[in-house]
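Raw final31.cif, mmCIF, C-alpha atoms:
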```cif
data_query
loop_
_atom_site.label_atom_id
_atom_site.label_comp_id
_atom_site.auth_asym_id
_atom_site.auth_seq_id
_atom_site.Cartn_x
_atom_site.Cartn_y
_atom_site.Cartn_z
CA ALA Z 1 90.00 99.62 89.71
CA VAL Z 2 91.48 96.20 90.44
CA ILE Z 3 94.10 96.45 93.18
CA PHE Z 4 96.36 93.60 94.26
CA SER Z 5 99.51 93.40 96.33
CA ASP Z 6 102.14 91.16 97.89
CA ALA Z 7 102.52 88.75 95.01
CA HIS Z 8 106.11 87.91 96.02
CA TYR Z 9 106.31 86.01 92.74
CA TRP Z 10 108.56 82.98 93.22
CA PRO Z 11 110.36 81.04 90.47
CA GLY Z 12 109.37 77.44 89.87
CA GLN Z 13 105.87 77.89 91.26
CA ASP Z 14 102.64 77.40 89.34
CA PRO Z 15 100.40 80.47 89.37
CA THR Z 16 98.65 80.75 92.72
CA LEU Z 17 94.89 80.58 93.07
CA ALA Z 18 94.77 84.30 93.83
CA HIS Z 19 96.82 85.10 90.73
CA ARG Z 20 94.61 82.94 88.51
CA ALA Z 21 91.54 84.62 90.01
CA LEU Z 22 93.11 88.04 89.38
CA VAL Z 23 93.56 87.18 85.72
CA GLU Z 24 89.93 86.04 85.46
CA VAL Z 25 88.44 89.01 87.31
CA VAL Z 26 90.41 91.50 85.20
CA ARG Z 27 89.05 89.78 82.11
CA GLU Z 28 85.51 89.85 83.52
CA VAL Z 29 85.20 93.37 84.93
CA ARG Z 30 87.45 95.14 82.37
CA PRO Z 31 88.72 97.77 84.81
CA GLY Z 32 89.95 101.20 83.82
CA LEU Z 33 92.84 100.90 86.26
CA ILE Z 34 94.97 98.02 87.56
CA ILE Z 35 97.30 98.69 90.48
CA GLY Z 36 99.99 96.30 91.69
CA ASN Z 37 100.22 97.74 95.19
CA GLY Z 38 103.73 96.75 96.23
CA ASP Z 39 105.89 93.68 96.78
CA ILE Z 40 105.44 92.23 93.32
CA PHE Z 41 109.10 91.26 93.66
CA ASP Z 42 110.33 89.49 96.81
CA GLY Z 43 114.12 89.92 96.65
CA ALA Z 44 114.96 87.10 99.05
CA LYS Z 45 118.70 87.24 98.36
CA LEU Z 46 118.70 91.02 98.76
CA SER Z 47 117.11 91.05 102.21
CA ARG Z 48 118.89 92.74 105.09
CA PHE Z 49 117.99 89.72 107.18
CA PRO Z 50 120.34 86.69 107.17
CA ARG Z 51 119.40 83.49 105.39
CA ASN Z 52 117.22 81.21 107.53
CA GLY Z 53 119.47 78.17 107.82
CA TRP Z 54 119.84 76.43 104.46
CA GLU Z 55 116.53 77.59 103.03
CA TYR Z 56 116.37 78.01 99.27
CA GLN Z 57 116.72 81.56 98.02
CA PRO Z 58 116.21 82.05 94.28
CA LYS Z 59 118.55 84.12 92.15
CA VAL Z 60 117.47 87.69 91.48
CA LYS Z 61 117.27 86.99 87.74
CA ASP Z 62 114.98 84.02 88.32
CA GLU Z 63 112.70 86.14 90.51
CA LEU Z 64 112.54 88.85 87.86
CA ASP Z 65 111.73 86.29 85.18
CA ALA Z 66 108.92 84.86 87.33
CA ALA Z 67 107.48 88.32 87.97
CA LYS Z 68 107.57 89.21 84.28
CA GLU Z 69 105.91 85.92 83.33
CA ARG Z 70 103.08 86.32 85.82
CA LEU Z 71 102.47 90.00 85.05
CA ALA Z 72 102.27 89.19 81.34
CA GLU Z 73 99.33 86.89 82.14
CA ILE Z 74 97.30 89.88 83.35
CA ARG Z 75 95.68 91.11 80.14
CA PRO Z 76 94.86 94.76 80.86
CA GLY Z 77 92.85 95.61 77.77
CA LYS Z 78 92.67 99.42 77.82
CA ALA Z 79 93.37 99.67 81.55
CA ARG Z 80 96.14 101.87 82.86
CA ARG Z 81 98.68 99.81 84.84
CA ILE Z 82 100.47 101.25 87.86
CA ARG Z 83 102.90 99.61 90.30
CA THR Z 84 103.49 101.18 93.68
CA ILE Z 85 106.80 100.57 95.43
CA GLY Z 86 106.72 98.04 98.27
CA ASN Z 87 109.34 97.45 100.94
CA HIS Z 88 110.43 94.25 99.15
CA CYS Z 89 110.46 95.91 95.72
CA ILE Z 90 112.85 98.61 96.91
CA ARG Z 91 115.42 95.95 97.82
CA PHE Z 92 116.43 95.76 94.16
CA ASP Z 93 117.25 99.45 93.77
CA LYS Z 94 118.72 99.78 97.27
CA HIS Z 95 121.12 96.90 96.78
CA LEU Z 96 122.51 98.26 93.54
CA ALA Z 97 122.68 101.83 94.87
CA ALA Z 98 124.64 100.61 97.90
CA HIS Z 99 126.99 98.21 96.12
CA ALA Z 100 127.25 99.50 92.56
CA GLY Z 101 126.72 103.24 92.83
CA ASP Z 102 128.89 103.93 89.79
CA MET Z 103 126.27 102.15 87.64
CA GLU Z 104 123.64 104.81 88.37
CA GLY Z 105 121.58 105.73 85.35
CA ILE Z 106 122.45 102.61 83.35
CA TYR Z 107 119.42 100.75 82.03
CA GLY Z 108 118.63 97.71 84.14
CA THR Z 109 119.74 99.15 87.48
CA ARG Z 110 116.15 100.04 88.42
CA LEU Z 111 113.38 97.51 89.05
CA LYS Z 112 111.09 99.52 86.80
CA ASP Z 113 113.45 98.78 83.88
CA HIS Z 114 112.50 95.10 84.16
CA LEU Z 115 108.74 95.59 84.50
CA PRO Z 116 107.83 97.72 81.48
CA GLY Z 117 104.25 98.72 80.99
CA TRP Z 118 103.71 99.36 84.69
CA GLU Z 119 104.13 102.97 85.78
CA GLU Z 120 106.14 103.13 89.01
CA CYS Z 121 105.26 105.43 91.92
CA VAL Z 122 105.01 105.55 95.70
CA SER Z 123 101.26 106.21 95.83
CA VAL Z 124 98.18 106.80 93.69
CA PHE Z 125 95.34 109.20 94.56
CA ILE Z 126 92.12 108.22 92.79
CA ASN Z 127 89.38 110.84 92.24
CA GLY Z 128 90.84 113.05 94.94
CA HIS Z 129 89.61 110.81 97.78
CA THR Z 130 91.14 107.31 97.54
CA MET Z 131 94.78 106.90 98.50
CA VAL Z 132 96.52 103.74 97.30
CA LYS Z 133 99.95 102.93 98.70
CA HIS Z 134 101.76 99.84 99.87
CA ARG Z 135 101.82 100.55 103.59
CA PHE Z 136 100.90 103.02 106.30
CA HIS Z 137 100.02 101.57 109.71
CA GLY Z 138 100.65 97.92 110.59
CA GLY Z 139 99.20 95.38 112.99
CA ILE Z 140 95.76 93.83 113.26
CA HIS Z 141 94.05 97.24 113.39
CA ALA Z 142 95.86 98.59 110.32
CA ALA Z 143 92.74 99.16 108.21
CA TYR Z 144 91.01 101.08 111.02
CA ASN Z 145 94.07 103.20 111.84
CA ASN Z 146 94.78 103.84 108.18
CA THR Z 147 91.40 105.28 107.31
CA LEU Z 148 91.01 107.06 110.64
CA LYS Z 149 94.34 108.88 110.36
CA ALA Z 150 94.42 109.34 106.61
CA GLY Z 151 91.05 111.09 106.72
CA THR Z 152 90.11 109.55 103.39
CA ASN Z 153 89.57 106.20 101.69
CA ILE Z 154 92.84 104.29 101.73
CA VAL Z 155 93.96 101.01 100.18
CA THR Z 156 97.08 99.28 101.44
CA GLY Z 157 98.93 95.98 101.22
CA HIS Z 158 101.93 94.88 103.29
CA THR Z 159 100.09 93.12 106.14
CA HIS Z 160 98.79 90.29 103.91
CA MET Z 161 95.39 90.78 105.55
CA LEU Z 162 92.27 91.04 103.39
CA GLU Z 163 89.51 93.25 104.74
CA VAL Z 164 87.35 96.34 104.42
CA LYS Z 165 86.93 98.63 107.43
CA PRO Z 166 84.17 101.23 107.01
CA TRP Z 167 84.37 104.45 109.01
CA SER Z 168 81.95 107.32 109.43
CA ASP Z 169 82.36 110.75 111.00
CA TYR Z 170 81.30 114.35 110.31
CA ARG Z 171 83.13 114.17 107.00
CA GLY Z 172 81.02 111.25 105.80
CA ARG Z 173 81.60 107.58 104.99
CA ARG Z 174 84.99 106.17 103.99
CA TYR Z 175 86.79 102.85 103.80
CA GLY Z 176 90.09 101.34 104.83
CA VAL Z 177 90.93 98.44 102.54
CA GLN Z 178 93.69 95.87 102.87
CA THR Z 179 94.37 93.81 99.78
CA GLY Z 180 95.65 90.50 101.15
CA ALA Z 181 98.30 88.69 99.11
CA ILE Z 182 98.49 87.22 95.66
CA ALA Z 183 101.10 84.80 97.03
CA ASP Z 184 99.98 81.68 98.87
CA THR Z 185 100.15 82.64 102.52
CA ASP Z 186 101.93 79.38 103.36
CA GLY Z 187 104.35 79.66 100.43
CA PRO Z 188 108.13 79.23 100.63
CA GLN Z 189 108.56 83.01 100.77
CA PHE Z 190 107.20 82.98 104.31
CA GLY Z 191 109.20 80.23 106.01
CA TYR Z 192 110.03 82.70 108.75
CA THR Z 193 106.52 82.20 110.19
CA GLU Z 194 107.61 78.71 111.34
CA ASP Z 195 104.17 77.30 110.42
CA ASN Z 196 102.47 79.52 112.99
CA PRO Z 197 98.88 80.65 112.31
CA THR Z 198 98.55 84.12 110.81
CA PRO Z 199 95.56 86.36 109.99
CA TRP Z 200 96.76 86.51 106.39
CA CYS Z 201 94.53 85.77 103.40
CA SER Z 202 95.16 85.46 99.68
CA GLY Z 203 93.06 87.67 97.45
CA PHE Z 204 92.68 91.23 96.17
CA ALA Z 205 90.22 94.15 95.98
CA VAL Z 206 87.97 95.64 93.32
CA LEU Z 207 86.91 99.27 93.68
CA THR Z 208 83.89 100.66 91.84
CA TYR Z 209 83.04 104.35 91.52
CA ASP Z 210 79.66 105.82 90.60
CA LYS Z 211 79.20 108.43 87.88
CA ALA Z 212 79.98 111.19 90.36
CA GLY Z 213 83.29 109.53 91.20
CA ARG Z 214 82.15 108.37 94.65
CA LEU Z 215 83.65 105.11 95.93
CA LEU Z 216 81.03 102.41 96.47
CA TYR Z 217 81.51 99.63 99.03
CA PRO Z 218 84.78 97.88 98.08
CA GLU Z 219 84.59 94.26 96.95
CA LEU Z 220 87.06 91.50 97.76
CA CYS Z 221 88.09 88.36 95.93
CA GLU Z 222 89.01 85.91 98.68
CA VAL Z 223 90.75 82.52 98.57
CA ILE Z 224 89.12 80.10 101.02
CA ASP Z 225 89.74 76.35 101.30
CA GLY Z 226 91.09 75.85 97.81
CA ALA Z 227 88.75 78.17 95.91
CA ALA Z 228 88.72 81.87 95.00
CA TYR Z 229 85.36 83.61 95.49
CA PHE Z 230 84.19 86.88 93.96
CA ARG Z 231 80.65 88.26 94.15
CA GLY Z 232 79.40 84.98 95.64
CA GLN Z 233 80.77 82.83 92.84
CA ILE Z 234 83.79 80.55 92.57
CA VAL Z 235 86.20 82.13 90.11
CA VAL Z 236 88.84 79.38 90.13
CA SER Z 237 89.28 76.28 92.28
CA ASP Z 238 91.86 73.65 93.14
CA ARG Z 239 89.48 71.49 95.12
CA LYS Z 240 89.49 68.55 92.67
CA LYS Z 241 93.28 68.56 92.71
CA ALA Z 242 93.24 68.63 96.52
CA ARG Z 243 90.86 65.63 96.72
CA ALA Z 244 92.90 63.65 94.22
CA ALA Z 245 96.04 64.27 96.26
#
```

Represent the structure contained in this file as structure tokens.
Amino acid sequence: AVIFSDAHYWPGQDPTLAHRALVEVVREVRPGLIIGNGDIFDGAKLSRFPRNGWEYQPKVKDELDAAKERLAEIRPGKARRIRTIGNHCIRFDKHLAAHAGDMEGIYGTRLKDHLPGWEECVSVFINGHTMVKHRFHGGIHAAYNNTLKAGTNIVTGHTHMLEVKPWSDYRGRRYGVQTGAIADTDGPQFGYTEDNPTPWCSGFAVLTYDKAGRLLYPELCEVIDGAAYFRGQIVVSDRKKARAA
């Protein structure tokens, strides 16, 4: 299973390093399952928070077009594709439900109408022991709290942190995984950080199960200093571009 989250696809941007690496890793590992674990869509104009000064906020249509373009670049092969609902994704449906309730049931009033081919749900339970959902606990100890309190393997997005937290108790060994962000962590979507340092990291996770269905140690694809690494190899890189600039 290849699991990514927090793409916050933004119109007018070239594909991010993490997105390009996602496309390559999907092609390489040929997963049986691809999960977009929330916040594929940003919904800047639909936020409950006021606009930050005169910052640019793209039109909803332009955001949808960008999301569709990027998702089409992920060639799934025979993989099943699932999209869990993130707190940004739900902005689309919430806005229309609140302001155009009479349009309920008409095609196009749900985000899932615009992202065909991706099954929509709140969570996915893999092999009876791996919960995948956009968010549970937050903060810097999210992965630890998630797996401790879920009592099972759990994969989340939302925090934009990329990590694996193993945990062992009388029930055995399990993992809390956070899937980072497909978006660049210093992208225009995140101007609210005011250029402050964050523990965020671009990347995604790959989960492998043995023949008995047991989850092996989760793997991460991580973007570091202009290159995306997976299994000790550079998948894609922008380092030549960075030096030329």

Which residues come within 7 Å of region 85-95 of chain Z, counting only C-alpha atoms, excluding same-chain residues fewer than 5 positions away, as a list in words? Gly38, Asp39, Ile40, Phe41, Asp42, Gly43, Leu46, Ser47, Thr109, Arg110, Leu111, Glu120, Cys121, Val122 and His134 of chain Z

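The residues returned by the PyMOL selection byres ((chain Z and resi 226) around 7) for this structure are Val223, Ile224, Asp225, Ala227, Ser237, Asp238 and Arg239 of chain Z.
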
- prompt: Do you know which residues are at most 7 Å from region 167-175 of chain Z counting all atoms listed in the file, after dropping those on the same chain fewer than 2 positions away, and could you put them as a list in words?
  reply: Thr147, Thr152, Asn153, Ile154, Val164, Lys165 and Val177 of chain Z

Show me as a list in words the residues that reach within 12 Å of (107.3, 79.0, 90.4), counting only C-alpha atoms and using the file's own coordinates. Ala7, His8, Tyr9, Trp10, Pro11, Gly12, Gln13, Asp14, Pro15, Thr16, Pro58, Asp62, Glu63, Leu64, Asp65, Ala66, Ala67, Lys68, Glu69, Arg70, Ala183, Asp184, Gly187, Pro188 and Gln189 of chain Z

Item to complete: To verify the selection step, state as a list of chain:residue names which residues the PyMOL selection byres ((chain Z and resi 196-204) around 7) yields on this input.
Response: Z:Ile3, Z:Phe4, Z:Ala18, Z:His160, Z:Met161, Z:Leu162, Z:Thr179, Z:Gly180, Z:Ala181, Z:Ile182, Z:Ala183, Z:Asp184, Z:Thr185, Z:Thr193, Z:Glu194, Z:Asp195, Z:Ala205, Z:Leu220, Z:Cys221, Z:Glu222, Z:Val223

Using all atoms of region 127-137 of chain Z that appear in the file, construct an axis-aligned enclosing box with 4 Å of padding on every side and provide its centre coordinates and edge lengths in Å, rounded to one decimal, as JSON.
```
{"center_x": 95.6, "center_y": 106.4, "center_z": 101.0, "size_x": 20.4, "size_y": 21.2, "size_z": 25.5}
```

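The coordinates place CA of Arg48 (chain Z) at 21.3 Å from CA of His137 (chain Z).
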
Practice problem: Find the residues near Leu215 (chain Z): any atom within 10 Å, counting all atoms listed in the file, skip ones fewer than 3 places away on the same chain, and give them as a list in words. | Solution: Ile126, Asn127, His129, Thr130, Asn153, Arg173, Arg174, Tyr175, Leu207, Thr208, Tyr209, Asp210, Lys211, Ala212 and Pro218 of chain Z

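Relative to CA of Gly157 (chain Z), CA of Asp6 (chain Z) is found at 6.7 Å.
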
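Checking Z:Leu216, Z:Leu17, Z:Ile234, Z:Ile34 one by one against Gly117 (chain Z), counting all atoms listed in the file, you find the shortest gap at Z:Ile34.
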
Near Ile35 (chain Z), within 6 Å and counting only C-alpha atoms, which residues show up once chain neighbours fewer than 4 positions away are dropped, as a PDB file with C-alpha atoms, keeping the file's coordinate frame?
```
ATOM      1  CA  ILE Z   3      94.100  96.450  93.180  1.00  0.00           C
ATOM      2  CA  ARG Z  81      98.680  99.810  84.840  1.00  0.00           C
ATOM      3  CA  ILE Z  82     100.470 101.250  87.860  1.00  0.00           C
ATOM      4  CA  ARG Z  83     102.900  99.610  90.300  1.00  0.00           C
TER       5      ARG Z  83
END
```

Pairwise distance, CA of Gly32 (chain Z) with CA of Gln178 (chain Z), equals 20.1 Å
